[in-house]
Amino acid sequence: MVLSGFSGAGKGTLVKKLLSAHNNYSLSVSATTRAPRAGETHGKEYFFVSREEFEAMIRDNALIEYASYVGNYYGTPRAYVEQELAAGRDVLLEIEIQGAQKIRELYPDSLLIFVAPPSAEELFRRLTGRGTETEEQIRGRLQRAVEESRFMDDYDYLLVNDDLDEAAAFLHSLIDGQHARMADCREFADALRQDMTSLITEGGL
């Protein structure tokens with residue numbers, strides 16, 4: 001499951017809410033070259049690495065996707081995602097649009113969800129309320145949000161994060177529904193395959 005959205009849309013808070021309420025999810029920790037914010041820990045929110053280290057990961061094919069955003073690299077380490085999928089867990093990727101497009105190519109049955117604030121005014125309030133960025137950086141994030149808004153239609157769902165509890169519950173229901181849809185499709189495909197085989201063999205075709 002891929003979650004993308006504007007900076008300030010509340011993706012991280014939404015993911016934390018989901019993880020605290022359910023135990024079947026695994027959050028993939030991204031690597032980034034940006035500096036940690038107050039309270040962030042290496043290996044928890046992100047793997048904070050140098051540009052040289054990140055570019056070495058690119059060369060070694062150790063990332064399933066990566067993108068450049070506001071002057072920094074962000075990417076998803078391959079080993080952890082493949083390990084969690086093999087264990088049967090639902091893996092959440094909180095990544096940018098460029099990365100989401102690459103994930104869709106690698107995993108066609110992935111679920112792509114775009115998280116948005118209820119209004120542009122609320123987005124601005126959240127960005128300025130963090131108190132971690134300069135006016136120039138906030139302007140850059142707003143300009144980037146305008147660019148990102150052009151890709152919202154490429155996602156399977158648009159999730160408006162107005163009330164956190166409601167948004168988290170709706171997100172969980174989307175993922176549960178995806179499981180049911182995929183299971184139904186596989187069951188139908190298996191039954192149809194068997195019926196066609198029987199028609200050929202038993203019907204003498």
# chains A, B, ... in the order shown; residues from 1 in each chain; ligands from 1
>>> closest_atom_pairs(of="stretch 93-115 of chain A", to="stretch 29-41 of chain A", cutoff="12 Å", atoms="only C-alpha atoms", output="CSV")
residue,atom,partner,partner_atom,distance
A:Leu93,CA,A:Val29,CA,7.9
A:Glu94,CA,A:Ser30,CA,8.0
A:Ile95,CA,A:Ser30,CA,8.0
A:Glu96,CA,A:Ser30,CA,10.9
A:Gly99,CA,A:Ser30,CA,11.1
>>> write_last_selection(atoms="C-alpha atoms", output="mmCIF file, in the first residue's frame")
data_model
loop_
_atom_site.group_PDB
_atom_site.id
_atom_site.type_symbol
_atom_site.label_atom_id
_atom_site.label_comp_id
_atom_site.auth_asym_id
_atom_site.auth_seq_id
_atom_site.Cartn_x
_atom_site.Cartn_y
_atom_site.Cartn_z
ATOM 1 C CA LEU A 93 5.068 2.831 1.897
ATOM 2 C CA GLU A 94 4.846 6.539 2.682
ATOM 3 C CA ILE A 95 6.514 7.890 -0.455
ATOM 4 C CA GLU A 96 6.418 10.620 -3.095
ATOM 5 C CA GLY A 99 8.230 6.572 -6.183
#
>>> select_by_dssp(residues="stretch 56-190 of chain A", states="strand (DSSP E or B)", output="list of chain:residue names")
A:Leu63, A:Ile64, A:Glu65, A:Tyr66, A:Ala67, A:Ser68, A:Tyr69, A:Asn72, A:Tyr73, A:Tyr74, A:Gly75, A:Thr76, A:Pro77, A:Asp90, A:Val91, A:Leu92, A:Leu93, A:Glu94, A:Leu112, A:Ile113, A:Phe114, A:Val115, A:Ala116, A:Tyr157, A:Leu158, A:Leu159, A:Val160
>>> write_last_selection(atoms="C-alpha atoms", output="CSV table (one decimal), in the first residue's frame")
chain,number,residue,atom,x,y,z
A,63,LEU,CA,16.3,0.5,-3.4
A,64,ILE,CA,13.0,-0.5,-5.1
A,65,GLU,CA,12.3,3.2,-5.7
A,66,TYR,CA,13.8,6.6,-5.1
A,67,ALA,CA,13.1,10.2,-5.9
A,68,SER,CA,14.4,13.7,-5.4
A,69,TYR,CA,12.2,16.1,-3.4
A,72,ASN,CA,17.0,15.7,-1.0
A,73,TYR,CA,16.8,12.1,-1.9
A,74,TYR,CA,14.2,9.7,-0.6
A,75,GLY,CA,14.1,6.0,-1.3
A,76,THR,CA,12.7,2.6,-0.1
A,77,PRO,CA,15.2,-0.1,0.9
A,90,ASP,CA,0.7,-5.6,4.6
A,91,VAL,CA,3.5,-3.2,3.9
A,92,LEU,CA,2.9,0.5,4.0
A,93,LEU,CA,5.1,2.8,1.9
A,94,GLU,CA,4.8,6.5,2.7
A,112,LEU,CA,-2.2,3.7,-4.3
A,113,ILE,CA,-3.8,6.2,-1.9
A,114,PHE,CA,-3.3,10.0,-2.1
A,115,VAL,CA,-3.7,11.9,1.2
A,116,ALA,CA,-4.9,15.5,1.0
A,157,TYR,CA,-8.3,6.6,-3.9
A,158,LEU,CA,-8.2,10.2,-2.7
A,159,LEU,CA,-8.3,10.3,1.1
A,160,VAL,CA,-9.1,13.7,2.7
>>> residues_around(residues="A:Ser119", least_positions_apart="2", cutoff="12 Å", atoms="only C-alpha atoms", output="ChimeraX atom specification")
/A:6,8-9,115-117,121-126,160-162
>>> select_by_dssp(residues="stretch 7-201 of chain A", states="alpha helix (DSSP H)", output="CSV table (one decimal) with C-alpha atoms, in the first residue's frame")
chain,number,residue,atom,x,y,z
A,11,LYS,CA,0.5,11.2,6.1
A,12,GLY,CA,2.9,10.4,8.9
A,13,THR,CA,0.4,11.0,11.7
A,14,LEU,CA,-2.2,8.9,9.8
A,15,VAL,CA,0.2,6.0,9.4
A,16,LYS,CA,1.1,6.2,13.2
A,17,LYS,CA,-2.6,6.0,14.0
A,18,LEU,CA,-3.1,3.0,11.8
A,19,LEU,CA,-0.1,1.2,13.2
A,20,SER,CA,-1.2,1.8,16.8
A,21,ALA,CA,-4.7,0.4,16.1
A,51,ARG,CA,24.2,11.8,-0.3
A,52,GLU,CA,27.3,9.6,-1.0
A,53,GLU,CA,25.7,6.7,0.9
A,54,PHE,CA,22.4,7.1,-0.9
A,55,GLU,CA,24.0,7.2,-4.3
A,56,ALA,CA,25.9,4.0,-3.4
A,57,MET,CA,22.5,2.4,-2.6
A,58,ILE,CA,21.3,3.4,-6.0
A,59,ARG,CA,24.3,1.8,-7.7
A,78,ARG,CA,14.5,-3.3,-1.1
A,79,ALA,CA,15.4,-6.0,1.5
A,80,TYR,CA,13.0,-5.0,4.2
A,81,VAL,CA,10.0,-4.7,1.9
A,82,GLU,CA,10.6,-8.1,0.3
A,83,GLN,CA,11.1,-9.7,3.7
A,84,GLU,CA,7.8,-8.3,5.1
A,85,LEU,CA,5.8,-9.3,2.0
A,86,ALA,CA,7.2,-12.8,2.2
A,97,ILE,CA,4.6,10.5,-6.4
A,98,GLN,CA,7.7,9.5,-8.4
A,99,GLY,CA,8.2,6.6,-6.2
A,100,ALA,CA,4.6,5.6,-6.3
A,101,GLN,CA,4.7,5.3,-10.0
A,102,LYS,CA,7.7,3.0,-9.8
A,103,ILE,CA,6.0,0.8,-7.2
A,104,ARG,CA,3.0,0.5,-9.5
A,105,GLU,CA,5.3,-0.8,-12.3
A,106,LEU,CA,7.0,-3.3,-10.0
A,120,ALA,CA,-5.5,24.8,0.8
A,121,GLU,CA,-5.8,27.1,3.8
A,122,GLU,CA,-5.6,24.1,6.2
A,123,LEU,CA,-2.5,22.9,4.3
A,124,PHE,CA,-0.8,26.3,4.8
A,125,ARG,CA,-1.8,26.3,8.5
A,126,ARG,CA,-0.2,22.9,9.0
A,127,LEU,CA,3.0,23.8,7.2
A,128,THR,CA,3.5,27.0,9.2
A,129,GLY,CA,2.4,25.5,12.4
A,135,GLU,CA,9.2,31.0,4.7
A,136,GLU,CA,11.2,30.1,1.5
A,137,GLN,CA,11.0,26.4,2.3
A,138,ILE,CA,7.2,26.6,2.9
A,139,ARG,CA,6.8,28.4,-0.4
A,140,GLY,CA,8.7,25.6,-2.1
A,141,ARG,CA,6.5,23.0,-0.5
A,142,LEU,CA,3.4,24.8,-1.6
A,143,GLN,CA,4.7,25.1,-5.1
A,144,ARG,CA,5.5,21.4,-5.1
A,145,ALA,CA,2.0,20.7,-3.9
A,146,VAL,CA,0.5,22.5,-6.9
A,147,GLU,CA,2.7,20.3,-9.2
A,148,GLU,CA,1.7,17.1,-7.2
A,164,LEU,CA,-7.7,11.8,12.0
A,165,ASP,CA,-9.8,9.0,13.6
A,166,GLU,CA,-12.2,8.9,10.6
A,167,ALA,CA,-9.4,9.0,8.1
A,168,ALA,CA,-7.5,6.2,9.8
A,169,ALA,CA,-10.7,4.0,10.0
A,170,PHE,CA,-11.5,4.7,6.3
A,171,LEU,CA,-7.9,3.9,5.3
A,172,HIS,CA,-8.1,0.5,7.1
A,173,SER,CA,-11.4,-0.2,5.4
A,174,LEU,CA,-9.9,0.5,2.0
A,175,ILE,CA,-7.1,-2.0,2.6
A,176,ASP,CA,-9.5,-4.6,4.0
A,177,GLY,CA,-11.7,-4.1,0.9
A,178,GLN,CA,-8.7,-4.6,-1.4
A,179,HIS,CA,-7.9,-7.9,0.3
A,180,ALA,CA,-11.5,-9.1,-0.3
A,181,ARG,CA,-11.5,-7.9,-3.9
A,182,MET,CA,-8.3,-9.7,-4.7
A,183,ALA,CA,-9.4,-12.9,-3.0
A,184,ASP,CA,-12.7,-12.9,-4.9
A,185,CYS,CA,-10.9,-12.3,-8.2
A,186,ARG,CA,-8.4,-15.2,-7.5
A,187,GLU,CA,-11.3,-17.5,-6.5
A,188,PHE,CA,-13.2,-16.7,-9.6
A,189,ALA,CA,-10.2,-17.1,-11.8
A,190,ASP,CA,-9.3,-20.5,-10.3
A,191,ALA,CA,-12.9,-21.8,-10.7
A,192,LEU,CA,-13.1,-20.5,-14.3
A,193,ARG,CA,-9.8,-22.1,-15.1
A,194,GLN,CA,-10.9,-25.5,-13.7
A,195,ASP,CA,-14.3,-25.3,-15.5
A,196,MET,CA,-12.6,-24.6,-18.8
A,197,THR,CA,-10.2,-27.5,-18.3
A,198,SER,CA,-13.0,-29.8,-17.5
A,199,LEU,CA,-15.0,-28.7,-20.5
A,200,ILE,CA,-12.0,-29.6,-22.8
A,201,THR,CA,-11.2,-32.9,-21.2
